[in-house]
Each structure stands twice: as C-alpha cells, then as structure tokens.
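File shown: work21.cif. Contents: mmCIF, C-alpha atoms.
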data_data
#
loop_
_atom_site.label_atom_id
_atom_site.label_comp_id
_atom_site.auth_asym_id
_atom_site.auth_seq_id
_atom_site.Cartn_x
_atom_site.Cartn_y
_atom_site.Cartn_z
CA MET A 1 -4.51 -2.64 78.72
CA LEU A 2 -4.07 -3.37 75.06
CA GLY A 3 -4.55 0.30 74.29
CA PHE A 4 -1.84 1.34 76.76
CA SER A 5 0.56 -1.26 75.36
CA GLU A 6 -0.05 -0.18 71.78
CA GLU A 7 0.22 3.51 72.65
CA LEU A 8 3.55 2.92 74.40
CA GLN A 9 4.86 1.16 71.30
CA SER A 10 3.66 3.93 69.02
CA LEU A 11 5.54 6.57 71.04
CA VAL A 12 8.97 5.10 70.33
CA VAL A 13 8.57 4.18 66.66
CA GLY A 14 11.58 5.48 64.76
CA LEU A 15 13.42 6.64 67.89
CA SER A 16 16.77 5.37 69.04
CA PRO A 17 17.25 4.84 72.77
CA THR A 18 19.29 8.06 72.91
CA GLU A 19 16.63 10.07 71.08
CA PHE A 20 13.96 8.68 73.39
CA GLN A 21 15.91 9.48 76.55
CA SER A 22 16.63 13.02 75.39
CA GLN A 23 12.91 13.88 75.29
CA ARG A 24 11.88 14.48 78.91
CA VAL A 25 8.18 15.01 78.24
CA LEU A 26 8.05 11.80 76.22
CA CYS A 27 9.80 9.90 79.02
CA LEU A 28 7.29 11.24 81.54
CA ALA A 29 4.39 10.25 79.27
CA VAL A 30 5.84 6.74 78.98
CA GLU A 31 6.13 6.50 82.77
CA LYS A 32 2.47 7.48 83.13
CA LEU A 33 1.33 4.97 80.53
CA PHE A 34 3.28 2.20 82.28
CA ILE A 35 1.60 3.23 85.55
CA ASN A 36 -1.80 3.02 83.83
CA LEU A 37 -0.93 -0.37 82.36
CA GLY A 38 0.11 -1.73 85.75
CA GLU A 39 -2.96 -0.30 87.46
CA ALA A 40 -5.20 -1.92 84.87
CA ALA A 41 -3.38 -5.23 85.39
CA ALA A 42 -3.97 -4.97 89.14
CA ARG A 43 -7.70 -4.45 88.57
CA ILE A 44 -8.16 -7.53 86.41
CA GLY A 45 -8.45 -9.79 89.43
CA ASP A 46 -8.84 -13.53 88.96
CA SER A 47 -8.24 -13.38 85.23
CA ASN A 48 -4.52 -13.48 85.83
CA VAL A 49 -4.93 -17.19 86.58
CA GLN A 50 -6.72 -17.73 83.27
CA PHE A 51 -3.92 -16.10 81.30
CA PRO A 52 -0.56 -17.13 82.78
CA GLN A 53 1.28 -15.98 79.62
CA ILE A 54 0.62 -12.37 80.62
CA PRO A 55 3.27 -11.01 83.02
CA TRP A 56 0.81 -9.68 85.62
CA ARG A 57 3.20 -9.39 88.55
CA GLN A 58 5.88 -7.65 86.50
CA MET A 59 3.42 -5.06 85.18
CA ILE A 60 2.08 -4.38 88.65
CA GLY A 61 5.59 -4.27 90.11
CA LEU A 62 6.77 -1.76 87.51
CA ARG A 63 3.70 0.35 88.22
CA ASN A 64 4.57 0.37 91.93
CA ILE A 65 8.16 1.39 91.28
CA LEU A 66 7.14 4.22 88.97
CA ALA A 67 4.21 5.45 91.06
CA HIS A 68 6.01 5.42 94.39
CA GLY A 69 9.46 6.42 93.20
CA TYR A 70 11.25 3.58 94.96
CA GLU A 71 14.30 4.24 92.85
CA GLN A 72 15.56 6.37 90.01
CA VAL A 73 13.74 5.57 86.80
CA ALA A 74 15.99 4.04 84.16
CA HIS A 75 14.46 5.29 80.93
CA GLU A 76 16.74 3.09 78.84
CA ILE A 77 15.12 0.07 80.53
CA LEU A 78 11.63 1.43 79.84
CA TYR A 79 12.61 1.90 76.19
CA GLN A 80 13.93 -1.66 75.95
CA THR A 81 10.80 -2.98 77.64
CA ILE A 82 8.63 -1.22 75.07
CA VAL A 83 10.66 -2.47 72.12
CA GLN A 84 11.40 -6.00 73.32
CA GLU A 85 8.51 -7.00 75.60
CA LEU A 86 5.39 -5.08 74.66
CA PRO A 87 4.84 -6.60 71.20
CA ALA A 88 4.44 -10.04 72.81
CA LEU A 89 2.30 -8.58 75.59
CA SER A 90 0.01 -6.95 73.03
CA GLU A 91 -0.38 -10.27 71.24
CA SER A 92 -1.14 -12.09 74.50
CA LEU A 93 -3.75 -9.45 75.34
CA ARG A 94 -5.33 -9.85 71.90
CA VAL A 95 -5.59 -13.62 72.48
CA ALA A 96 -7.10 -13.04 75.92
CA LEU A 97 -9.65 -10.65 74.44
CA GLN A 98 -10.53 -13.19 71.76
CA ASP A 99 -11.06 -15.81 74.47
CA ARG A 100 -13.29 -13.34 76.28
CA VAL A 101 -15.33 -12.64 73.17
CA HIS A 102 -15.78 -16.37 72.56
CA GLY A 103 -17.16 -17.22 75.95
CA SER A 104 -14.56 -17.05 78.71
CA PRO A 105 -15.64 -14.22 81.02
CA VAL A 106 -12.88 -11.89 82.16
CA SER A 107 -13.47 -9.37 84.91
CA GLY A 108 -11.91 -5.96 84.44
CA SER A 109 -10.82 -4.53 81.13
CA LEU A 110 -8.02 -6.02 79.08
#
Starting from the file, lay out its structure as structure tokens.
Amino acid sequence: MLGFSEELQSLVVGLSPTEFQSQRVLCLAVEKLFINLGEAAARIGDSNVQFPQIPWRQMIGLRNILAHGYEQVAHEILYQTIVQELPALSESLRVALQDRVHGSPVSGSL
C-alpha cells in the first residue's frame, strides 16, 4: 500500500492540475494505482481496527467507484487527493509498518 501511495505522489510531482488532466495515459495509470491501493486496503482484514488513522473505507470506496465505473471519474479530485491526502496516508502507513516490525502482527501487506 505504501508503494502505491508513494508512486501516485511521484506521478504528479511538478504538474499542475491542468497539466495532469491533459495527460490521458497518466490519468488512467493513476486510476489503476488507486484501484490497487483500495484492493490492498480491502485485503488487510482486521488490521483496520488496529490503525483507525488510516482511511480504510474511503480507499476501498474509491476503488469500487473506479473499478465498477459507478460514475464519471473526476480526475481533478484524484489529483487533489494525491496532493492533499496521500502524504498523510503514506506517513500513517509508515507508522503502521513500524508497529508491525516492532511486534504488532498485521495480516496482509501494508
């Protein structure tokens, strides 16, 4: 999950929202990485209780919207999510991984 979050952030470095949205292949890659992130979150299982600071339901919900095409994808919202939300998510995932390394078992792969 941390890898997906960091990769998403790396894809928009130096891009304005307009520049991002004008690159269709990049937008599609971002959609796929968000799907992967949400799928990984869904597979974590009971760990979501151990780490309430991680927005499990939102990640899984976004995955469902993107994977099933419930509505038109708003790439400007995906861009804002990457820029505004993913840095904190990455930090929360790092903390969760540290907890895992120091004794708290976590099923799945953060």
Applying the PyMOL selection byres ((chain A and resi 8) around 9) to the file I just gave you, which residues come out? Please list them as a PDB file with C-alpha atoms, keeping the file's coordinate frame.
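File produced: part_25.pdb:
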ATOM      1  CA  GLY A   3      -4.550   0.300  74.290  1.00  0.00           C
ATOM      2  CA  PHE A   4      -1.840   1.340  76.760  1.00  0.00           C
ATOM      3  CA  SER A   5       0.560  -1.260  75.360  1.00  0.00           C
ATOM      4  CA  GLU A   6      -0.050  -0.180  71.780  1.00  0.00           C
ATOM      5  CA  GLU A   7       0.220   3.510  72.650  1.00  0.00           C
ATOM      6  CA  GLN A   9       4.860   1.160  71.300  1.00  0.00           C
ATOM      7  CA  SER A  10       3.660   3.930  69.020  1.00  0.00           C
ATOM      8  CA  LEU A  11       5.540   6.570  71.040  1.00  0.00           C
ATOM      9  CA  VAL A  12       8.970   5.100  70.330  1.00  0.00           C
ATOM     10  CA  ALA A  29       4.390  10.250  79.270  1.00  0.00           C
ATOM     11  CA  VAL A  30       5.840   6.740  78.980  1.00  0.00           C
ATOM     12  CA  LEU A  33       1.330   4.970  80.530  1.00  0.00           C
ATOM     13  CA  PHE A  34       3.280   2.200  82.280  1.00  0.00           C
ATOM     14  CA  ILE A  82       8.630  -1.220  75.070  1.00  0.00           C
ATOM     15  CA  LEU A  86       5.390  -5.080  74.660  1.00  0.00           C
TER      16      LEU A  86
END
Which neighbours of A:Ile35 fall inside 12 Å, counting all atoms listed in the file, when residues of the same chain fewer than 2 positions from it are skipped, and could you give them as a count of residues only?
-> 29
Out of A:Val101, A:Leu2, A:Ala74, A:Val49, which residue has the shortest atom-to-atom distance to A:Pro17 when counting all atoms listed in the file?
-> A:Ala74
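Close contacts of A:Ala88, defined as residues with an atom at most 12 Å away when counting only C-alpha atoms, with chain neighbours fewer than 3 positions off set aside, comprise Leu2, Ser5, Glu6, Gln9, Gln53, Ile54, Pro55, Thr81, Ile82, Val83, Gln84, Glu85, Glu91, Ser92, Leu93, Arg94 and Val95 of chain A.
The nearest approach to A:Ser16 among the residues A:Pro52, A:Tyr79, A:Tyr70, A:Ile44, with only C-alpha atoms taken into account, belongs to A:Tyr79.
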Atom-to-atom span, atom CA of A:Cys27 and atom CA of A:Val13, Å = 13.7 Å
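Atom to atom, atom CA of A:Ser22 and atom CA of A:Pro87 stand 23.3 Å apart.
Between atom CA of A:Gln72 and atom CA of A:Thr18 the separation is 17.6 Å.
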Could stretch 39-52 of chain A be completed with N, CA, C and O atoms and returned as a PDB file, in the coordinates of the input?
ATOM      1  N   GLU A  39      -1.726  -0.472  86.686  1.00  0.00           N
ATOM      2  CA  GLU A  39      -2.960  -0.300  87.460  1.00  0.00           C
ATOM      3  C   GLU A  39      -4.083  -1.128  86.856  1.00  0.00           C
ATOM      4  O   GLU A  39      -4.841  -1.787  87.575  1.00  0.00           O
ATOM      5  N   ALA A  40      -4.183  -1.113  85.543  1.00  0.00           N
ATOM      6  CA  ALA A  40      -5.200  -1.920  84.870  1.00  0.00           C
ATOM      7  C   ALA A  40      -4.958  -3.410  85.138  1.00  0.00           C
ATOM      8  O   ALA A  40      -5.905  -4.160  85.387  1.00  0.00           O
ATOM      9  N   ALA A  41      -3.707  -3.829  85.111  1.00  0.00           N
ATOM     10  CA  ALA A  41      -3.380  -5.230  85.390  1.00  0.00           C
ATOM     11  C   ALA A  41      -3.798  -5.608  86.811  1.00  0.00           C
ATOM     12  O   ALA A  41      -4.318  -6.705  87.046  1.00  0.00           O
ATOM     13  N   ALA A  42      -3.602  -4.707  87.748  1.00  0.00           N
ATOM     14  CA  ALA A  42      -3.970  -4.970  89.140  1.00  0.00           C
ATOM     15  C   ALA A  42      -5.484  -5.111  89.302  1.00  0.00           C
ATOM     16  O   ALA A  42      -5.954  -5.849  90.175  1.00  0.00           O
ATOM     17  N   ARG A  43      -6.235  -4.432  88.474  1.00  0.00           N
ATOM     18  CA  ARG A  43      -7.700  -4.450  88.570  1.00  0.00           C
ATOM     19  C   ARG A  43      -8.348  -5.651  87.907  1.00  0.00           C
ATOM     20  O   ARG A  43      -9.536  -5.889  88.091  1.00  0.00           O
ATOM     21  N   ILE A  44      -7.597  -6.392  87.141  1.00  0.00           N
ATOM     22  CA  ILE A  44      -8.160  -7.530  86.410  1.00  0.00           C
ATOM     23  C   ILE A  44      -8.666  -8.606  87.354  1.00  0.00           C
ATOM     24  O   ILE A  44      -9.650  -9.255  87.100  1.00  0.00           O
ATOM     25  N   GLY A  45      -7.973  -8.815  88.451  1.00  0.00           N
ATOM     26  CA  GLY A  45      -8.450  -9.790  89.430  1.00  0.00           C
ATOM     27  C   GLY A  45      -8.087 -11.215  89.061  1.00  0.00           C
ATOM     28  O   GLY A  45      -6.960 -11.515  88.674  1.00  0.00           O
ATOM     29  N   ASP A  46      -9.067 -12.096  89.146  1.00  0.00           N
ATOM     30  CA  ASP A  46      -8.840 -13.530  88.960  1.00  0.00           C
ATOM     31  C   ASP A  46      -8.459 -13.926  87.541  1.00  0.00           C
ATOM     32  O   ASP A  46      -8.050 -15.053  87.311  1.00  0.00           O
ATOM     33  N   SER A  47      -8.575 -13.047  86.614  1.00  0.00           N
ATOM     34  CA  SER A  47      -8.240 -13.380  85.230  1.00  0.00           C
ATOM     35  C   SER A  47      -6.767 -13.694  85.054  1.00  0.00           C
ATOM     36  O   SER A  47      -6.390 -14.362  84.105  1.00  0.00           O
ATOM     37  N   ASN A  48      -5.942 -13.205  85.972  1.00  0.00           N
ATOM     38  CA  ASN A  48      -4.520 -13.480  85.830  1.00  0.00           C
ATOM     39  C   ASN A  48      -4.232 -14.980  85.899  1.00  0.00           C
ATOM     40  O   ASN A  48      -3.255 -15.440  85.339  1.00  0.00           O
ATOM     41  N   VAL A  49      -5.086 -15.736  86.537  1.00  0.00           N
ATOM     42  CA  VAL A  49      -4.930 -17.190  86.580  1.00  0.00           C
ATOM     43  C   VAL A  49      -5.293 -17.799  85.230  1.00  0.00           C
ATOM     44  O   VAL A  49      -4.658 -18.746  84.775  1.00  0.00           O
ATOM     45  N   GLN A  50      -6.279 -17.225  84.569  1.00  0.00           N
ATOM     46  CA  GLN A  50      -6.720 -17.730  83.270  1.00  0.00           C
ATOM     47  C   GLN A  50      -5.693 -17.500  82.169  1.00  0.00           C
ATOM     48  O   GLN A  50      -5.687 -18.203  81.172  1.00  0.00           O
ATOM     49  N   PHE A  51      -4.861 -16.485  82.345  1.00  0.00           N
ATOM     50  CA  PHE A  51      -3.920 -16.100  81.300  1.00  0.00           C
ATOM     51  C   PHE A  51      -2.505 -16.002  81.869  1.00  0.00           C
ATOM     52  O   PHE A  51      -1.955 -14.916  82.017  1.00  0.00           O
ATOM     53  N   PRO A  52      -1.887 -17.142  82.155  1.00  0.00           N
ATOM     54  CA  PRO A  52      -0.560 -17.130  82.780  1.00  0.00           C
ATOM     55  C   PRO A  52       0.545 -16.599  81.851  1.00  0.00           C
ATOM     56  O   PRO A  52       1.627 -16.252  82.328  1.00  0.00           O
TER      57      PRO A  52
END
